[in-house]
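For reference, input-v8.cif is printed below; it contains mmCIF, N, CA and C atoms and all ligand atoms.
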data_structure
loop_
_atom_site.label_atom_id
_atom_site.label_comp_id
_atom_site.auth_asym_id
_atom_site.auth_seq_id
_atom_site.Cartn_x
_atom_site.Cartn_y
_atom_site.Cartn_z
N MET A 10 40.92 -26.50 -89.69
CA MET A 10 40.70 -27.28 -88.46
C MET A 10 39.40 -26.87 -87.79
N GLU A 11 38.45 -26.46 -88.59
CA GLU A 11 37.21 -26.02 -87.96
C GLU A 11 36.26 -27.19 -87.71
N GLU A 12 35.90 -27.28 -86.49
CA GLU A 12 34.88 -28.28 -86.13
C GLU A 12 33.52 -27.68 -86.41
N PRO A 13 32.78 -28.27 -87.29
CA PRO A 13 31.44 -27.73 -87.49
C PRO A 13 30.61 -27.85 -86.22
N LEU A 14 29.98 -26.75 -85.87
CA LEU A 14 29.17 -26.77 -84.65
C LEU A 14 27.81 -27.40 -84.95
N SER A 15 27.87 -28.61 -85.34
CA SER A 15 26.64 -29.28 -85.68
C SER A 15 25.95 -29.80 -84.42
N THR A 16 24.79 -30.29 -84.63
CA THR A 16 24.04 -30.81 -83.47
C THR A 16 24.15 -32.33 -83.43
N LYS A 17 25.18 -32.83 -84.13
CA LYS A 17 25.31 -34.27 -84.23
C LYS A 17 25.40 -34.97 -82.87
N ARG A 18 26.05 -34.28 -81.97
CA ARG A 18 26.26 -34.91 -80.68
C ARG A 18 24.99 -34.95 -79.83
N PHE A 19 24.02 -34.13 -80.23
CA PHE A 19 22.78 -34.11 -79.46
C PHE A 19 21.86 -35.24 -79.91
N GLN A 20 21.41 -35.95 -78.95
CA GLN A 20 20.43 -36.99 -79.27
C GLN A 20 19.25 -36.84 -78.36
N ARG A 21 18.12 -37.17 -78.92
CA ARG A 21 16.94 -37.10 -78.08
C ARG A 21 17.01 -38.22 -77.05
N ARG A 22 16.95 -37.85 -75.82
CA ARG A 22 17.02 -38.86 -74.79
C ARG A 22 16.21 -38.42 -73.59
N ALA A 23 15.91 -39.37 -72.76
CA ALA A 23 15.20 -39.03 -71.55
C ALA A 23 16.07 -38.17 -70.67
N GLU A 24 15.56 -37.01 -70.29
CA GLU A 24 16.33 -36.16 -69.42
C GLU A 24 15.54 -35.88 -68.15
N ASP A 25 16.22 -35.93 -67.07
CA ASP A 25 15.62 -35.47 -65.83
C ASP A 25 15.85 -33.97 -65.74
N PHE A 26 14.89 -33.26 -65.20
CA PHE A 26 15.11 -31.83 -65.01
C PHE A 26 14.38 -31.37 -63.76
N THR A 27 14.85 -30.27 -63.26
CA THR A 27 14.22 -29.68 -62.09
C THR A 27 13.29 -28.57 -62.54
N CYS A 28 12.05 -28.64 -62.08
CA CYS A 28 11.07 -27.65 -62.48
C CYS A 28 11.50 -26.26 -62.01
N ALA A 29 11.54 -25.32 -62.96
CA ALA A 29 11.98 -23.96 -62.62
C ALA A 29 10.91 -23.22 -61.85
N GLN A 30 9.70 -23.72 -61.84
CA GLN A 30 8.62 -23.04 -61.15
C GLN A 30 8.50 -23.50 -59.69
N CYS A 31 8.46 -24.82 -59.47
CA CYS A 31 8.20 -25.32 -58.12
C CYS A 31 9.35 -26.13 -57.55
N GLY A 32 10.39 -26.39 -58.35
CA GLY A 32 11.55 -27.10 -57.84
C GLY A 32 11.39 -28.61 -57.78
N PHE A 33 10.29 -29.10 -58.31
CA PHE A 33 10.03 -30.53 -58.33
C PHE A 33 11.03 -31.23 -59.24
N GLY A 34 11.57 -32.34 -58.77
CA GLY A 34 12.50 -33.10 -59.59
C GLY A 34 11.73 -33.98 -60.56
N VAL A 35 11.77 -33.62 -61.84
CA VAL A 35 10.98 -34.33 -62.83
C VAL A 35 11.82 -35.42 -63.48
N GLU A 36 11.29 -36.61 -63.52
CA GLU A 36 11.98 -37.70 -64.19
C GLU A 36 11.55 -37.74 -65.64
N GLY A 37 12.46 -37.45 -66.53
CA GLY A 37 12.12 -37.42 -67.94
C GLY A 37 12.01 -38.82 -68.51
N ASN A 38 11.13 -38.99 -69.47
CA ASN A 38 11.02 -40.28 -70.14
C ASN A 38 11.14 -40.11 -71.65
N GLY A 39 11.62 -38.93 -72.07
CA GLY A 39 11.74 -38.66 -73.49
C GLY A 39 10.55 -37.91 -74.05
N TYR A 40 9.45 -37.96 -73.33
CA TYR A 40 8.26 -37.25 -73.78
C TYR A 40 7.87 -36.15 -72.81
N THR A 41 8.47 -36.21 -71.64
CA THR A 41 8.12 -35.24 -70.61
C THR A 41 8.45 -33.84 -71.06
N ASN A 42 7.46 -32.97 -71.09
CA ASN A 42 7.75 -31.58 -71.44
C ASN A 42 7.12 -30.61 -70.46
N HIS A 43 6.57 -31.13 -69.39
CA HIS A 43 6.09 -30.22 -68.36
C HIS A 43 6.14 -30.91 -67.00
N CYS A 44 6.04 -30.09 -65.98
CA CYS A 44 6.15 -30.59 -64.61
C CYS A 44 4.82 -31.22 -64.19
N PRO A 45 4.83 -32.47 -63.72
CA PRO A 45 3.59 -33.13 -63.33
C PRO A 45 2.99 -32.54 -62.05
N HIS A 46 3.79 -31.76 -61.35
CA HIS A 46 3.36 -31.23 -60.07
C HIS A 46 2.63 -29.90 -60.21
N CYS A 47 3.17 -28.98 -61.01
CA CYS A 47 2.55 -27.66 -61.17
C CYS A 47 2.14 -27.40 -62.61
N LEU A 48 2.49 -28.32 -63.52
CA LEU A 48 2.11 -28.29 -64.94
C LEU A 48 2.82 -27.20 -65.74
N TYR A 49 3.76 -26.50 -65.12
CA TYR A 49 4.53 -25.51 -65.87
C TYR A 49 5.46 -26.23 -66.84
N SER A 50 5.74 -25.57 -67.93
CA SER A 50 6.65 -26.11 -68.92
C SER A 50 7.76 -25.10 -69.15
N GLN A 51 8.65 -25.42 -70.03
CA GLN A 51 9.71 -24.46 -70.34
C GLN A 51 9.86 -24.35 -71.84
N HIS A 52 10.11 -23.13 -72.30
CA HIS A 52 10.19 -22.88 -73.74
C HIS A 52 11.55 -23.30 -74.27
N VAL A 53 11.69 -24.59 -74.53
CA VAL A 53 12.97 -25.10 -75.00
C VAL A 53 12.87 -25.75 -76.38
N ASP A 54 11.65 -26.00 -76.82
CA ASP A 54 11.47 -26.66 -78.11
C ASP A 54 10.87 -25.72 -79.14
N ILE A 55 11.30 -25.83 -80.37
CA ILE A 55 10.58 -25.22 -81.48
C ILE A 55 9.58 -26.26 -81.99
N HIS A 56 10.09 -27.42 -82.27
CA HIS A 56 9.22 -28.57 -82.53
C HIS A 56 9.39 -29.51 -81.35
N PRO A 57 8.32 -30.20 -80.97
CA PRO A 57 8.37 -31.02 -79.77
C PRO A 57 9.62 -31.90 -79.71
N GLY A 58 10.39 -31.71 -78.64
CA GLY A 58 11.53 -32.59 -78.41
C GLY A 58 12.84 -32.13 -79.01
N ASP A 59 12.83 -31.05 -79.82
CA ASP A 59 14.09 -30.70 -80.50
C ASP A 59 15.01 -29.82 -79.65
N ARG A 60 14.46 -29.25 -78.57
CA ARG A 60 15.25 -28.40 -77.67
C ARG A 60 15.99 -27.31 -78.43
N ALA A 61 15.38 -26.79 -79.47
CA ALA A 61 16.05 -25.83 -80.35
C ALA A 61 15.70 -24.38 -80.05
N ALA A 62 14.75 -24.14 -79.17
CA ALA A 62 14.38 -22.77 -78.87
C ALA A 62 15.41 -22.15 -77.95
N GLU A 63 15.74 -20.90 -78.24
CA GLU A 63 16.75 -20.24 -77.41
C GLU A 63 16.11 -19.48 -76.26
N CYS A 64 14.80 -19.38 -76.29
CA CYS A 64 14.11 -18.57 -75.30
C CYS A 64 14.34 -19.08 -73.87
N GLY A 65 13.95 -20.32 -73.62
CA GLY A 65 14.15 -20.90 -72.30
C GLY A 65 13.22 -20.35 -71.23
N GLY A 66 12.26 -19.54 -71.63
CA GLY A 66 11.34 -18.94 -70.66
C GLY A 66 10.41 -19.98 -70.04
N LEU A 67 9.87 -19.61 -68.90
CA LEU A 67 8.92 -20.47 -68.21
C LEU A 67 7.58 -20.39 -68.94
N MET A 68 6.96 -21.54 -69.14
CA MET A 68 5.66 -21.54 -69.82
C MET A 68 4.56 -21.88 -68.82
N GLU A 69 3.67 -20.91 -68.66
CA GLU A 69 2.60 -21.04 -67.69
C GLU A 69 1.41 -21.79 -68.29
N PRO A 70 0.83 -22.72 -67.54
CA PRO A 70 -0.39 -23.36 -68.02
C PRO A 70 -1.54 -22.38 -67.91
N VAL A 71 -2.11 -21.97 -69.03
CA VAL A 71 -3.13 -20.93 -69.01
C VAL A 71 -4.51 -21.45 -69.41
N GLY A 72 -4.56 -22.67 -69.91
CA GLY A 72 -5.86 -23.18 -70.32
C GLY A 72 -5.79 -24.68 -70.51
N ILE A 73 -6.97 -25.26 -70.71
CA ILE A 73 -7.02 -26.71 -70.89
C ILE A 73 -8.21 -27.02 -71.79
N GLU A 74 -8.05 -28.00 -72.64
CA GLU A 74 -9.15 -28.33 -73.54
C GLU A 74 -9.21 -29.83 -73.73
N PRO A 75 -10.41 -30.36 -74.00
CA PRO A 75 -10.53 -31.80 -74.20
C PRO A 75 -9.78 -32.26 -75.44
N PHE A 76 -9.20 -33.42 -75.34
CA PHE A 76 -8.47 -33.99 -76.47
C PHE A 76 -8.78 -35.48 -76.48
N GLY A 77 -9.80 -35.88 -77.21
CA GLY A 77 -10.27 -37.25 -77.15
C GLY A 77 -10.75 -37.55 -75.74
N GLU A 78 -10.23 -38.60 -75.17
CA GLU A 78 -10.59 -38.92 -73.79
C GLU A 78 -9.67 -38.23 -72.81
N LYS A 79 -8.70 -37.52 -73.33
CA LYS A 79 -7.72 -36.87 -72.47
C LYS A 79 -7.86 -35.36 -72.56
N TRP A 80 -6.84 -34.68 -72.12
CA TRP A 80 -6.85 -33.23 -72.11
C TRP A 80 -5.56 -32.70 -72.68
N LYS A 81 -5.66 -31.50 -73.18
CA LYS A 81 -4.46 -30.80 -73.62
C LYS A 81 -4.33 -29.51 -72.83
N ILE A 82 -3.12 -29.27 -72.37
CA ILE A 82 -2.85 -28.05 -71.63
C ILE A 82 -2.35 -27.00 -72.61
N LEU A 83 -2.87 -25.79 -72.46
CA LEU A 83 -2.34 -24.69 -73.26
C LEU A 83 -1.28 -23.96 -72.42
N HIS A 84 -0.06 -23.98 -72.91
CA HIS A 84 1.04 -23.32 -72.24
C HIS A 84 1.38 -22.02 -72.94
N ARG A 85 1.62 -20.97 -72.16
CA ARG A 85 2.06 -19.71 -72.75
C ARG A 85 3.36 -19.26 -72.11
N CYS A 86 4.33 -18.96 -72.95
CA CYS A 86 5.65 -18.56 -72.45
C CYS A 86 5.57 -17.18 -71.79
N ILE A 87 6.04 -17.11 -70.56
CA ILE A 87 6.02 -15.85 -69.83
C ILE A 87 6.97 -14.85 -70.45
N ALA A 88 8.05 -15.34 -71.05
CA ALA A 88 9.07 -14.46 -71.60
C ALA A 88 8.69 -13.90 -72.96
N CYS A 89 8.15 -14.73 -73.85
CA CYS A 89 7.94 -14.26 -75.23
C CYS A 89 6.51 -14.41 -75.72
N GLY A 90 5.65 -15.05 -74.93
CA GLY A 90 4.25 -15.16 -75.31
C GLY A 90 3.93 -16.31 -76.25
N HIS A 91 4.93 -17.10 -76.58
CA HIS A 91 4.72 -18.26 -77.44
C HIS A 91 3.75 -19.23 -76.78
N GLU A 92 2.82 -19.75 -77.57
CA GLU A 92 1.84 -20.69 -77.02
C GLU A 92 2.02 -22.07 -77.62
N ARG A 93 1.78 -23.08 -76.79
CA ARG A 93 1.90 -24.44 -77.28
C ARG A 93 0.94 -25.31 -76.48
N LYS A 94 0.44 -26.34 -77.15
CA LYS A 94 -0.44 -27.28 -76.45
C LYS A 94 0.31 -28.57 -76.17
N ASN A 95 0.11 -29.06 -74.96
CA ASN A 95 0.77 -30.29 -74.56
C ASN A 95 -0.25 -31.24 -73.96
N LYS A 96 -0.13 -32.49 -74.31
CA LYS A 96 -1.05 -33.48 -73.77
C LYS A 96 -0.85 -33.68 -72.27
N VAL A 97 -1.94 -33.83 -71.59
CA VAL A 97 -1.87 -34.25 -70.19
C VAL A 97 -1.48 -35.72 -70.19
N VAL A 98 -0.51 -36.06 -69.37
CA VAL A 98 -0.08 -37.46 -69.30
C VAL A 98 -0.46 -38.05 -67.95
N ASP A 99 -0.40 -39.37 -67.89
CA ASP A 99 -0.84 -40.06 -66.68
C ASP A 99 -0.05 -39.64 -65.44
N ALA A 100 1.19 -39.23 -65.66
CA ALA A 100 2.04 -38.87 -64.53
C ALA A 100 1.62 -37.54 -63.90
N ASP A 101 0.84 -36.76 -64.65
CA ASP A 101 0.44 -35.45 -64.13
C ASP A 101 -0.47 -35.60 -62.92
N GLU A 102 -0.26 -34.76 -61.96
CA GLU A 102 -1.08 -34.82 -60.75
C GLU A 102 -2.50 -34.35 -61.07
N PHE A 103 -3.45 -35.22 -60.72
CA PHE A 103 -4.83 -34.95 -61.04
C PHE A 103 -5.29 -33.64 -60.40
N ALA A 104 -4.86 -33.40 -59.19
CA ALA A 104 -5.26 -32.18 -58.48
C ALA A 104 -4.81 -30.94 -59.24
N ALA A 105 -3.62 -31.01 -59.80
CA ALA A 105 -3.10 -29.86 -60.55
C ALA A 105 -3.90 -29.64 -61.82
N VAL A 106 -4.29 -30.75 -62.47
CA VAL A 106 -5.10 -30.65 -63.69
C VAL A 106 -6.47 -30.06 -63.35
N LEU A 107 -7.05 -30.54 -62.25
CA LEU A 107 -8.34 -30.01 -61.80
C LEU A 107 -8.26 -28.52 -61.53
N GLU A 108 -7.21 -28.15 -60.85
CA GLU A 108 -7.03 -26.74 -60.48
C GLU A 108 -6.95 -25.87 -61.73
N LEU A 109 -6.25 -26.39 -62.73
CA LEU A 109 -6.12 -25.64 -63.98
C LEU A 109 -7.48 -25.53 -64.67
N GLN A 110 -8.26 -26.61 -64.61
CA GLN A 110 -9.60 -26.57 -65.21
C GLN A 110 -10.45 -25.50 -64.53
N GLN A 111 -10.35 -25.45 -63.21
CA GLN A 111 -11.14 -24.46 -62.48
C GLN A 111 -10.69 -23.05 -62.81
N LYS A 112 -9.39 -22.88 -62.89
CA LYS A 112 -8.83 -21.57 -63.22
C LYS A 112 -9.30 -21.14 -64.60
N ALA A 113 -9.25 -22.07 -65.55
CA ALA A 113 -9.64 -21.76 -66.92
C ALA A 113 -11.13 -21.46 -66.99
N ASN A 114 -11.93 -22.21 -66.23
CA ASN A 114 -13.37 -21.97 -66.21
C ASN A 114 -13.70 -20.60 -65.66
N LYS A 115 -13.00 -20.25 -64.60
CA LYS A 115 -13.24 -18.96 -63.95
C LYS A 115 -13.03 -17.83 -64.95
N LYS A 116 -11.96 -17.96 -65.72
CA LYS A 116 -11.67 -16.94 -66.72
C LYS A 116 -12.82 -16.82 -67.70
N ARG A 117 -13.35 -17.98 -68.07
CA ARG A 117 -14.45 -17.99 -69.03
C ARG A 117 -15.67 -17.30 -68.40
N PHE A 118 -15.91 -17.58 -67.12
CA PHE A 118 -17.05 -16.98 -66.44
C PHE A 118 -16.90 -15.46 -66.40
N TYR A 119 -15.69 -15.00 -66.15
CA TYR A 119 -15.46 -13.56 -66.14
C TYR A 119 -15.84 -12.97 -67.48
N ALA A 120 -15.48 -13.68 -68.52
CA ALA A 120 -15.75 -13.19 -69.86
C ALA A 120 -17.25 -13.15 -70.13
N LEU A 121 -17.97 -14.13 -69.55
CA LEU A 121 -19.40 -14.21 -69.80
C LEU A 121 -20.19 -13.25 -68.92
N GLU A 122 -19.56 -12.77 -67.88
CA GLU A 122 -20.28 -11.95 -66.91
C GLU A 122 -20.93 -10.74 -67.54
N LYS A 123 -20.32 -10.21 -68.55
CA LYS A 123 -20.87 -9.03 -69.24
C LYS A 123 -22.30 -9.27 -69.71
N ASP A 124 -22.56 -10.50 -70.18
CA ASP A 124 -23.88 -10.82 -70.70
C ASP A 124 -24.85 -11.22 -69.60
N ASP A 125 -24.33 -11.44 -68.43
CA ASP A 125 -25.17 -11.93 -67.35
C ASP A 125 -25.61 -10.77 -66.48
N SER A 126 -26.90 -10.46 -66.55
CA SER A 126 -27.39 -9.29 -65.82
C SER A 126 -27.87 -9.64 -64.42
N THR A 127 -27.89 -10.94 -64.08
CA THR A 127 -28.34 -11.31 -62.76
C THR A 127 -27.25 -11.08 -61.75
N ARG A 128 -27.51 -10.18 -60.83
CA ARG A 128 -26.51 -9.89 -59.80
C ARG A 128 -27.12 -9.97 -58.42
N ALA A 129 -26.38 -10.53 -57.53
CA ALA A 129 -26.89 -10.68 -56.18
C ALA A 129 -26.88 -9.34 -55.45
ZN ZN A 201 6.66 -27.69 -61.17
ZN ZN A 202 9.57 -18.10 -74.99
#

Do you think you could lay out the structure here as structure tokens?
Ligand SMILES: [Zn+2]
Ligand SMILES: [Zn+2]
Amino acid sequence: MEEPLSTKRFQRRAEDFTCAQCGFGVEGNGYTNHCPHCLYSQHVDIHPGDRAAECGGLMEPVGIEPFGEKWKILHRCIACGHERKNKVVDADEFAAVLELQQKANKKRFYALEKDDSTRA
């Protein structure tokens, strides 16, 4: 009488979730994998959308890179260090994307500072 603990009952569907970082109520559309308000994500997928990761850690947006005409956010899991890239979507708040760009640039400038001998 053993019921196989299969994942048959799980189906990929649009899920609403509350952002664990800022508490924003995110309306899922099946592709949503990060908060449009603070851009944080959660480590729930091994492959996009499968929700198979057991970690569940908060994924911090740590970088951003051009992706065609759009951008990709680099997320790093605070709990386990896993990194993943996620496309910026139209729903994402532009201000948050800008802020991340500035943050990422600043990091780069810090790295370059060693070579820069001009100091005020
Ligand atoms: Zn958020
Ligand atoms: Zn993780």

When you count only C-alpha atoms, which of these residues is closest to Glu36 in chain A: A:Glu24, A:Cys89, A:Glu108, A:Asp99? A:Glu24

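The residues sitting within 12 Å of ligand ZN 202 (chain A), with only C-alpha atoms and all ligand atoms considered, come out as A:Ser50, A:Gln51, A:His52, A:Val53, A:Asp54, A:Ile55, A:Ala61, A:Ala62, A:Glu63, A:Cys64, A:Gly65, A:Gly66, A:Leu67, A:Met68, A:Glu69, A:His84, A:Arg85, A:Cys86, A:Ile87, A:Ala88, A:Cys89, A:Gly90, A:His91, A:Glu92, A:Arg93.
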
Distance limit 5 Å, reference ligand ZN 201 (chain A), atoms considered: all atoms listed in the file. Which residues make the cut? Give them as number ranges by chain. A: 28, 30-33, 44, 46-48

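With CA of Phe76 in chain A on one side and CA of Gly34 in chain A on the other, the separation reads 26.9 Å.
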
So which residues touch Val98 in chain A within 8 Å, counting only N, CA and C atoms, skipping near sequence neighbours fewer than 5 positions away, as a ChimeraX atom specification? /A:45,79-82

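One finds atom N of Gly77 in chain A at 28.7 Å from atom C of Ala29 in chain A.
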
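Going from CA of Gly58 in chain A over to atom C of Gly39 in chain A, you cover 6.9 Å.
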